[in-house]
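my_file_34.json follows; it contains JSON, C-alpha atoms.
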```json
[["chain", "number", "residue", "atom", "x", "y", "z"],
["A", 1, "MET", "CA", -44.84, 64.75, 14.08],
["A", 2, "ALA", "CA", -45.09, 61.28, 15.60],
["A", 3, "GLU", "CA", -44.32, 58.24, 13.52],
["A", 4, "SER", "CA", -47.00, 55.60, 13.35],
["A", 5, "SER", "CA", -45.66, 52.09, 13.61],
["A", 6, "LYS", "CA", -47.58, 49.32, 11.93],
["A", 7, "SER", "CA", -47.45, 45.84, 13.38],
["A", 8, "PHE", "CA", -49.30, 42.69, 12.51],
["A", 9, "PHE", "CA", -51.50, 40.73, 14.86],
["A", 10, "THR", "CA", -49.61, 37.58, 15.81],
["A", 11, "TYR", "CA", -50.66, 34.11, 16.89],
["A", 12, "LYS", "CA", -48.04, 31.92, 18.55],
["A", 13, "GLY", "CA", -45.37, 34.37, 17.43],
["A", 14, "LEU", "CA", -46.25, 34.38, 13.72],
["A", 15, "PRO", "CA", -48.05, 37.16, 11.80],
["A", 16, "LEU", "CA", -51.76, 36.64, 11.12],
["A", 17, "VAL", "CA", -53.26, 38.87, 8.41],
["A", 18, "ARG", "CA", -56.86, 38.80, 7.17],
["A", 19, "LYS", "CA", -58.23, 40.25, 3.94],
["A", 20, "ASP", "CA", -61.95, 39.59, 3.44],
["A", 21, "LYS", "CA", -62.35, 35.78, 3.62],
["A", 22, "THR", "CA", -58.65, 34.94, 3.33],
["A", 23, "ILE", "CA", -56.22, 34.67, 6.24],
["A", 24, "TYR", "CA", -52.45, 34.47, 5.78],
["A", 25, "PHE", "CA", -50.50, 32.93, 8.64],
["A", 26, "GLY", "CA", -46.71, 33.05, 8.81],
["A", 27, "ASN", "CA", -43.86, 35.30, 7.86],
["A", 28, "MET", "CA", -43.53, 36.08, 4.15],
["A", 29, "TYR", "CA", -39.72, 36.05, 4.55],
["A", 30, "ASP", "CA", -39.81, 32.36, 5.54],
["A", 31, "ASP", "CA", -39.89, 29.51, 3.02],
["A", 32, "TYR", "CA", -43.61, 28.80, 3.58],
["A", 33, "VAL", "CA", -46.82, 30.50, 4.74],
["A", 34, "VAL", "CA", -50.29, 29.09, 5.27],
["A", 35, "MET", "CA", -53.32, 30.51, 3.48],
["A", 36, "ILE", "CA", -56.69, 29.86, 5.14],
["A", 37, "GLU", "CA", -59.84, 30.47, 3.09],
["A", 38, "ILE", "CA", -63.18, 30.82, 4.86],
["A", 39, "LEU", "CA", -65.63, 28.84, 2.73],
["A", 40, "GLY", "CA", -68.66, 28.94, 5.02],
["A", 41, "THR", "CA", -70.00, 30.64, 8.15],
["A", 42, "LYS", "CA", -72.83, 30.15, 10.63],
["A", 43, "LYS", "CA", -74.48, 32.51, 13.12],
["A", 44, "VAL", "CA", -73.58, 31.99, 16.78],
["A", 45, "ALA", "CA", -75.04, 34.50, 19.25],
["A", 46, "GLY", "CA", -75.49, 36.99, 16.41],
["A", 47, "LEU", "CA", -71.91, 36.68, 15.11],
["A", 48, "ASP", "CA", -70.69, 35.01, 11.92],
["A", 49, "VAL", "CA", -68.38, 32.13, 12.86],
["A", 50, "ALA", "CA", -66.36, 30.19, 10.28],
["A", 51, "ASN", "CA", -67.47, 26.57, 10.02],
["A", 52, "LYS", "CA", -65.75, 25.46, 6.81],
["A", 53, "LEU", "CA", -62.15, 26.38, 6.01],
["A", 54, "ARG", "CA", -59.62, 25.36, 3.37],
["A", 55, "ILE", "CA", -55.96, 25.40, 4.43],
["A", 56, "ARG", "CA", -52.99, 25.49, 2.06],
["A", 57, "LYS", "CA", -49.29, 25.50, 2.87],
["A", 58, "MET", "CA", -47.63, 27.58, 0.16],
["A", 59, "ALA", "CA", -44.06, 28.31, -0.86],
["A", 60, "THR", "CA", -43.15, 32.00, -0.79],
["A", 61, "ASP", "CA", -40.55, 31.58, -3.56],
["A", 62, "LEU", "CA", -41.95, 33.46, -6.56],
["A", 63, "THR", "CA", -39.71, 31.56, -8.99],
["A", 64, "VAL", "CA", -41.68, 28.36, -8.31],
["A", 65, "PRO", "CA", -44.58, 27.83, -10.76],
["A", 66, "PRO", "CA", -47.97, 28.67, -9.16],
["A", 67, "LYS", "CA", -49.30, 25.10, -9.33],
["A", 68, "ASP", "CA", -46.17, 23.84, -7.51],
["A", 69, "GLN", "CA", -46.31, 26.48, -4.75],
["A", 70, "ILE", "CA", -48.99, 24.57, -2.83],
["A", 71, "VAL", "CA", -47.34, 21.69, -0.96],
["A", 72, "LYS", "CA", -50.10, 20.66, 1.51],
["A", 73, "LYS", "CA", -53.89, 21.01, 1.66],
["A", 74, "ALA", "CA", -56.61, 20.30, 4.21],
["A", 75, "GLU", "CA", -60.16, 21.29, 5.15],
["A", 76, "LYS", "CA", -61.33, 21.92, 8.72],
["A", 77, "GLU", "CA", -64.56, 22.91, 10.45],
["A", 78, "SER", "CA", -63.26, 25.57, 12.86],
["A", 79, "LEU", "CA", -60.70, 28.35, 12.84],
["A", 80, "TYR", "CA", -59.03, 26.84, 15.92],
["A", 81, "GLU", "CA", -58.48, 23.53, 14.11],
["A", 82, "ALA", "CA", -57.20, 25.37, 11.03],
["A", 83, "LEU", "CA", -54.69, 27.43, 13.03],
["A", 84, "ASP", "CA", -53.63, 24.35, 14.99],
["A", 85, "ILE", "CA", -52.69, 22.45, 11.83],
["A", 86, "ALA", "CA", -51.13, 25.59, 10.30],
["A", 87, "CYS", "CA", -48.84, 25.90, 13.35],
["A", 88, "ALA", "CA", -47.80, 22.27, 13.00],
["A", 89, "TRP", "CA", -47.08, 22.70, 9.28],
["A", 90, "LEU", "CA", -44.93, 25.78, 9.83],
["A", 91, "LYS", "CA", -42.94, 24.30, 12.73],
["A", 92, "VAL", "CA", -41.79, 21.27, 10.70]]
```
Represent the supplied structure as structure tokens.
Amino acid sequence: MAESSKSFFTYKGLPLVRKDKTIYFGNMYDDYVVMIEILGTKKVAGLDVANKLRIRKMATDLTVPPKDQIVKKAEKESLYEALDIACAWLKV
């Protein structure tokens, strides 16, 4: 019986996981990950494209109180812009 190996889609070397309208970017074993929420979409050539996104840099340490886990916030109008700022936040 062959083993199935599961791997995450990556962007610029970091895992990118989507669940409904929430995207998590980064490695959960690192100190921080970025959560991207899709707040709005528009139709482009018959496809739904995100046009309003909320970005949050969050600590992965579960001992930190939930309200203190979020260290940075922003809103962007495209997924490219959101991922661009998320990359910058995680590299620093």
Problem - Two-atom distance - CA of Leu62 (chain A), CA of Arg18 (chain A) (Å) - result: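 Spanning CA of Leu62 (chain A) to CA of Arg18 (chain A) is a straight-line distance of 21.0 Å.
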Taking all atoms of region 27-31 of chain A that the file lists and extending 8 Å past them on each side, where is the centre of the axis-aligned box and how long are its edges? Answer in Å to one decimal, as AutoDock Vina command-line options.
```
--center_x -41.8 --center_y 32.8 --center_z 5.4 --size_x 20.1 --size_y 22.6 --size_z 20.8
```
Exercise for the section: Kindly give the distance, in Å, that separates CA of Glu75 (chain A) and CA of Val49 (chain A), rounded to a single decimal. Expected result: 15.6 Å
Report as a compact mmCIF listing (two decimals) with C-alpha atoms, in the frame of the given file all protein, DNA and RNA residues lying within 10 Å of Ala74 (chain A), evaluated on all atoms listed in the file, omitting residues in the same chain fewer than 5 positions from it.
```txt
# COMPACT_ATOMS: atom_id res chain seq x y z
CA ILE A 36 -56.69 29.86 5.14
CA LEU A 53 -62.15 26.38 6.01
CA ARG A 54 -59.62 25.36 3.37
CA ILE A 55 -55.96 25.40 4.43
CA ARG A 56 -52.99 25.49 2.06
CA LYS A 57 -49.29 25.50 2.87
CA ALA A 82 -57.20 25.37 11.03
CA ILE A 85 -52.69 22.45 11.83
CA ALA A 86 -51.13 25.59 10.30
```
Practice task
Please measure the separation of CA of Glu77 (chain A) and CA of Ser7 (chain A), giving the value in Å to one decimal.
Solution key: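 According to the coordinates, CA of Glu77 (chain A) and CA of Ser7 (chain A) are separated by 28.8 Å.
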Fill in the blank from the handout: Closest of A:Leu47, A:Leu39, A:Pro65, A:Val71 to Asp20 (chain A), counting all atoms listed in the file, is A:Leu39
Near Lys12 (chain A), counting all atoms listed in the file, which residues have an atom at most 10 Å away, once you skip same-chain residues fewer than 5 positions from it, shown as an mmCIF file with C-alpha atoms, keeping the file's coordinate frame?
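Result file follows (result.cif):
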```
data_model
loop_
_atom_site.group_PDB
_atom_site.id
_atom_site.type_symbol
_atom_site.label_atom_id
_atom_site.label_comp_id
_atom_site.auth_asym_id
_atom_site.auth_seq_id
_atom_site.Cartn_x
_atom_site.Cartn_y
_atom_site.Cartn_z
ATOM 1 C CA GLY A 26 -46.710 33.050 8.810
ATOM 2 C CA LEU A 83 -54.690 27.430 13.030
ATOM 3 C CA CYS A 87 -48.840 25.900 13.350
#
```
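You can rank A:Asp48, A:Val64, A:Leu79, A:Leu14 by their closest distance to Asp30 (chain A) using all atoms listed in the file, and at the top of that list sits A:Leu14.
Here the residues that fall within 12 Å of (-48.0, 40.2, 11.8), using all atoms listed in the file, are given as Lys6, Ser7, Phe8, Phe9, Thr10, Tyr11, Lys12, Gly13, Leu14, Pro15, Leu16, Val17, Arg18, Ile23, Tyr24, Phe25, Gly26, Asn27, Met28 and Tyr29 of chain A.
All polymer residues at most 8 Å from (-43.5, 29.6, -1.2), using only C-alpha atoms, appear as A:Asp31, A:Tyr32, A:Val33, A:Met58, A:Ala59, A:Thr60, A:Asp61, A:Leu62, A:Val64, A:Gln69, A:Ile70.
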